[in-house]
Protein chains: 2
Amino acid sequence: MNKNILGVDVPESISGLGKLKAFNGKRFSGTAHEMPNIKNPDQRMSKIVDNLESAIHLSGLKDGMTISFHHHFRNGDYIVNLVLEAIAKLGIKNLTVASSSLTDIHRPMIDHIKNGVVYRIETSGLRGELANQISHGLMEVPIVFRSHGGRAYSIASGELKIDVAFLGVPSTDLFGNANGFSREGDNSSACGSLGYAMVDAKYAEKVVLLSNNIVPYPNTPCAIPQTDVDYIVEIDAIGDPKGIMSGATRYSTNPKELMIAKAAADVMEASGYFEDGFSFQTGTGGSSLAVTRFLKEKMIRKGIKANFALGGITSQIVKLHEEGFIRKLLDVQSFDQDAVDSTLKNEFHHIVDAHFYAGPGVEGAAVDQLDMVVLSALEIDVNFNVNVLTGSDGVIRGAVGGHPDTSAGAKLAIIVAPLVRGRIPSILDRVNTICTPGMTVDVLVTEQGIAVNPARQDLIERLNTAGIKTETIEALKAKAEKIVGHPNPIEYGDKIVGIVTFRDGSVIDVIRQVSR
Amino acid sequence: MNKNILGVDVPESISGLGKLKAFNGKRFSGTAHEMPNIKNPDQRMSKIVDNLESAIHLSGLKDGMTISFHHHFRNGDYIVNLVLEAIAKLGIKNLTVASSSLTDIHRPMIDHIKNGVVYRIETSGLRGELANQISHGLMEVPIVFRSHGGRAYSIASGELKIDVAFLGVPSTDLFGNANGFSREGDNSSACGSLGYAMVDAKYAEKVVLLSNNIVPYPNTPCAIPQTDVDYIVEIDAIGDPKGIMSGATRYSTNPKELMIAKAAADVMEASGYFEDGFSFQTGTGGSSLAVTRFLKEKMIRKGIKANFALGGITSQIVKLHEEGFIRKLLDVQSFDQDAVDSTLKNEFHHIVDAHFYAGPGVEGAAVDQLDMVVLSALEIDVNFNVNVLTGSDGVIRGAVGGHPDTSAGAKLAIIVAPLVRGRIPSILDRVNTICTPGMTVDVLVTEQGIAVNPARQDLIERLNTAGIKTETIEALKAKAEKIVGHPNPIEYGDKIVGIVTFRDGSVIDVIRQVSR
């Protein structure tokens with residue numbers, strides 16, 4: 001028997017229950033600020049720490065660990081550079097950086113790679129000088145490219161274990177209820193959805209929030225709940241507002257893009273999936289975005305509404321929602337200011353995390369309930385494989401994003417692309433990098449014709465019945481080559497600089513070093 | 001090298017990345033309905049299975065495992081009895097039942113205990129014949145009583161591992177986005193918040209939802225997201241609507257309760273915590289509920305508003321919110337129909353899970369941000385320890401609930417109780433069962449006087465300065481004994497039938513078998 005602090009005799013153990021702890025009247029330790037008393041009427045519990053160095057120290061970050069970031073601040077992001085600089089100063093080395101994406105602004109990471117602070121990188125995309133140098137062999141270990149759903153799955157399944165997540169947030173209270181906007185007025189650094197960051201917050205061992213905007217408790221509703229957060233650092237600026245968020249996304253006025261968009265909308269209408277309660281996703285590319293406009297006309301004509309729209313949400317989608325054409329929006333990433341404003345004011349504009357959006361596990365994801373998706377491509381090949389990652393020179397300058405997730409999940413995946421871009425054909429014998437396997441792609445729409453994956457004879461029949469002409473992708477390729485000729489193959493070295501994984505973490509393709 | 005299905009040579013392993021999987025073009029298995037193809041345009045992925053037996057089978061439930069339930073359907077709940085009957089028929093034995101609470105309607109569990117299906121129980125409360133028989137020695141292993149926060153913490157920390165959670169939900173879509181109400185009209189079985197169930201859904205190995213109400217995808221916003229759900233069973237009824245939810249909770253007209261409530265509100269006003277932006281929680285007991293009314297008058301007079309109200313939400317709290325006196329509601333359990341309706345219509349009436357509400361871990365909980373809480377008690381002793389679990393005959397007939405969580409978290413914890421109940425005094429030398437340690441309790445308010453915990457001299461001073469008379473708890477006890485005399489001690493046997501744990505899982509008290 002042990003006497004607990006209240007004088008009760010507590011058995012050391014009870015059969016069926018095992019060992020028992022006796023109540024000791026003390027509070028848990030381990031908080032940002034020690035609160036030894038079981039009750040603290042004079043002290044408000046808080047997770048705010050003095051500075052970033054303290055947070056890094058408290059997080060227990062050590063050599064060889066994995067840290068993570070989100071890319072909701074896009075090319076305005078200050079967080080990655082700020083945190084890596086602080087970590088470098090503390091002398092911590094050999095880290096894996098698992099960011100949901102990386103872009104031009106992260107050029108300073110080149111030095112951290114050279115100095116041994118960053119050992120390897122996982123990301124959905126890579127652009128700018130960092131991407132260029134990596135394509136030319138900067139790193140010892142290849143980049144692991146994951147789709148948004150694949151990244152979420154790797155984190156949720158434990159394949160990718162994040163030790164410390166450093167997450168910039170446009171608002172948080174003292175406990176870490178955080179959001180991509182603020183209800184208290186300061187929305188200069190708002191980003192809307194925090195869908196990618198939510199997964200990191202949920203699964204990382206330790207979570208450090210960085211924010212310029214500490215608001216009264218409770219900062220609800222919130223994207224990241226306090227239960228997922230360990231430490232909070234107040235900083236002057238989380239990013240450059242101009243880089244974080246653009247104004248409203250504009251519709252294309254490019255006639256070729258509009259032609260493609262109209263044809264894609266015709267395909268959707270005739271596909272058999274354009275029924276009341278349908279669902280869809282469109283990207284931000286010129287043609288993809290413009291599809292929305294033509295879709296609206298068709299919805300009015302047929303008298304139907306969509307149950308939900310998914311994905312990166314744009315002002316066009318918000319407008320359709322506000323006009324009553326789409327019942328609900330599931331938003332993993334808000335693409336413009338109208339989308340951010342909508343997350344604040346529209347009850348059925350929901351912020352969803354990347355796992356909910358596209359995680360390929362047994363839980364299923366929103367993409368698995370998707371009827372139709374319209375996706376862009378840098379290249380597509382005769383097997384309908386799509387490249388959205390490497391340029392025609394073999395250099396990395398893109399992002400896998402949700403491309404393979406939505407393509408595999410949707411009943412109808414439409415690729416929109418111009419037949420040629422400048423002197424470069426879009427249709428090849430073999431794309432330089434496979435990001436989305438052709439077996440998940442259904443239709444290619446160009447301004448000069450439509451090709452359906454031969455695996456979808458049902459679709460060919462339905463389109464032809466509706467009077468939409470289809471042809472083989474080889475025929476489209478021939479048209480392209482008639483204009484710009486057959487492209488010369490890229491010269492690669494042997495060294496693998498990146499691997500492209502599918503949603504389940506298996507390898508779809510490898511990216512080799514560019515020779516020149 | 002392995003060639004993947006796209007013909008790409010994939011190295012067996014890469015230094016720094018380890019072994020690589022080659023893409024095989026197949027879909028994950030393990031879903032409720034096998035979908036072997038990477039893309040399934042003809043089949044909608046769904047988690048709905050044929051019946052409860054299939055779900056139990058698919059969940060992998062085996063002898064000796066732990067299953068869990070929630071108590072949001074209160075005394076109208078059909079789920080616990082339904083699931084245990086199905087499990088008993090399948091011959092599965094020796095289970096631990098971890099329910100957020102149990103009550104009168106769960107009497108059939110007595111037979112499952114006798115037949116060896118149920119080996120041990122964890123719960124916040126226990127009432128009715130099941131409680132009576134357990135108090136008289138029905139079970140071999142003692143019940144583990146946990147507070148709402150303690151239960152959430154034990155689950156989140158892995159101390160209590162749930163193998164399969166069986167969760168009744170008033171609405172869900174085919175993927176498991178579930179809610180305590182329905183936006184599609186059928187709210188006959190609505191329960192509002194699913195705060196306790198959310199923790200089980202998040203942490204259980206397998207999650208089976210049972211619902212009478214499958215609604216179109218996506219059932220958002222939702223309390224339980226699809227990412228937490230494995231299987232869904234459609235059943236005719238999840239509970240008796242009359243037992244699940246009462247109409248609006250009424251204010252007391254009992255003069256003694258009103259007297260206590262007014263005194264408690266006076267204490268709150270004079271405590272130093274009644275400032276603009278304050279926060280509070282009141283329970284559903286007559287006096288506790290009535291405090292809300294007096295508080296409103298004081299808020300008007302002082303011209304202040306509350307930042308949030310927490311806990312079980314009642315129509316009274318909803319009304320204050322709708323009138324603008326409380327900015328936000330954090331709702332772990334909706335106590336009446338007005339609260340349910342409010343979760344549907346009020347944007348800042350938030351459903352929070354039990355971990356967010358009261359989990360005592362390093363993450364902190366909403367109770368840690370609470371200024372004031374008003375709590376009922378069956379008994380309180382001269383050390384301010386409170387019993388809310390066992391009656392004056394020693395038989396279990398109550399629930400720990402959020403009592404110790406809020407008491408420890410709030411800056412000011414007020415216990416309201418009548419000096420005597422019938423012939424039984426409320427103040428004892430030692431409560432029969434300690435549920436909330438006196439070191440977390442600040443004030444006792446009775447209709448015949450107010451006693452402050454001597455540890456809070458600051459509070460005594462503030463109350464006295466405001467003209468509120470306080471006395472020692474011993475003096476109040478003497479008043480009670482003057483009316484009803486000194487109670488005879490309960491005769492207990494030696495056998496321990498229950499252990500009462502504090503928020504951290506340590507043992508506060510043990511409950512012994514009742515002799516007679």
# chains A, B, ... in the order shown; residues from 1 in each chain; ligands from 1
>>> residues_around(residues="Gly398 (chain B)", least_positions_apart="3", cutoff="12 Å", atoms="only C-alpha atoms", output="VMD selection string")
chain B and resid 101 to 104 123 to 128 131 to 132 145 147 376 to 379 387 to 392 394 to 395 401 403 433 435
>>> residues_around(residues="Glu447 (chain B)", least_positions_apart="6", cutoff="12 Å", atoms="only C-alpha atoms", output="count of residues only")
23
>>> closest_residue(among="B:Ile113, B:Ala408, B:Ile511, B:Ile5", to="chain A", atoms="only C-alpha atoms")
B:Ala408
>>> atom_distance(atom1="CA of Asp173 (chain A)", atom2="CA of Val215 (chain A)")
4.9 Å
>>> atom_distance(atom1="CA of Glu347 (chain B)", atom2="CA of Lys298 (chain B)")
25.9 Å
>>> closest_residue(among="B:Ala339, B:Ile490, B:Ile244, B:Val80", to="Ser193 (chain B)", atoms="only C-alpha atoms")
B:Ala339
>>> atom_distance(atom1="CA of Leu209 (chain B)", atom2="CA of Phe181 (chain B)")
14.3 Å
>>> select_by_dssp(residues="region 199-271 of chain B", states="strand (DSSP E or B)", output="VMD selection string")
chain B and resid 206 to 211 214 224 231 to 234 239 246
>>> write_last_selection(atoms="C-alpha atoms", output="compact mmCIF listing (two decimals), in the first residue's frame")
# COMPACT_ATOMS: atom_id res chain seq x y z
CA LYS B 206 -10.47 0.87 -35.69
CA VAL B 207 -13.58 3.02 -35.72
CA VAL B 208 -17.06 1.69 -36.51
CA LEU B 209 -19.85 4.24 -36.88
CA LEU B 210 -23.48 3.23 -36.39
CA SER B 211 -26.12 5.55 -37.79
CA ILE B 214 -26.70 8.31 -44.13
CA ILE B 224 -15.75 13.32 -36.73
CA TYR B 231 -16.51 1.14 -41.21
CA ILE B 232 -20.11 2.34 -41.15
CA VAL B 233 -23.19 0.31 -40.22
CA GLU B 234 -26.65 1.60 -41.05
CA GLY B 239 -31.51 5.61 -29.54
CA SER B 246 -34.69 16.87 -23.35
>>> closest_residue(among="B:Glu269, B:Asp276, B:Asp341, B:Asp442", to="Ser188 (chain B)", atoms="only C-alpha atoms")
B:Asp341
>>> residues_around(residues="Met45 (chain A)", least_positions_apart="5", cutoff="9 Å", atoms="only C-alpha atoms", output="tab-separated table (two decimals) with N, CA and C atoms, in the first residue's frame")
chain	number	residue	atom	x	y	z
A	31	THR	N	5.54	21.60	-19.75
A	31	THR	CA	4.98	22.72	-20.50
A	31	THR	C	6.06	23.74	-20.80
A	32	ALA	N	5.73	24.69	-21.65
A	32	ALA	CA	6.69	25.73	-22.03
A	32	ALA	C	7.16	26.49	-20.78
A	33	HIS	N	6.24	26.74	-19.89
A	33	HIS	CA	6.58	27.41	-18.63
A	33	HIS	C	6.19	26.47	-17.50
A	35	MET	N	4.73	24.89	-14.37
A	35	MET	CA	3.67	25.25	-13.45
A	35	MET	C	3.54	24.11	-12.45
A	40	ASN	N	-3.25	26.94	-10.48
A	40	ASN	CA	-2.44	28.15	-10.65
A	40	ASN	C	-3.31	29.37	-10.86
A	174	LEU	N	-2.81	32.10	-27.38
A	174	LEU	CA	-1.67	31.70	-26.56
A	174	LEU	C	-1.54	30.20	-26.37
A	175	PHE	N	-2.54	29.44	-26.84
A	175	PHE	CA	-2.51	27.98	-26.72
A	175	PHE	C	-2.29	27.28	-28.05
B	364	GLY	N	-2.20	21.50	-22.77
B	364	GLY	CA	-3.14	22.45	-22.17
B	364	GLY	C	-4.53	22.22	-22.70
B	368	ASP	N	-7.92	25.13	-18.67
B	368	ASP	CA	-6.77	25.88	-18.15
B	368	ASP	C	-6.90	27.38	-18.43
B	369	GLN	N	-7.80	27.75	-19.33
B	369	GLN	CA	-8.02	29.17	-19.65
B	369	GLN	C	-9.29	29.69	-18.99
>>> closest_residue(among="A:Ile450, A:Ala365, A:Ile326, A:Ile460", to="Ala306 (chain A)", atoms="only C-alpha atoms")
A:Ile326
>>> closest_residue(among="B:Arg120, B:Leu6, B:Val484, B:Gly25", to="Asn385 (chain A)", atoms="only C-alpha atoms")
B:Leu6
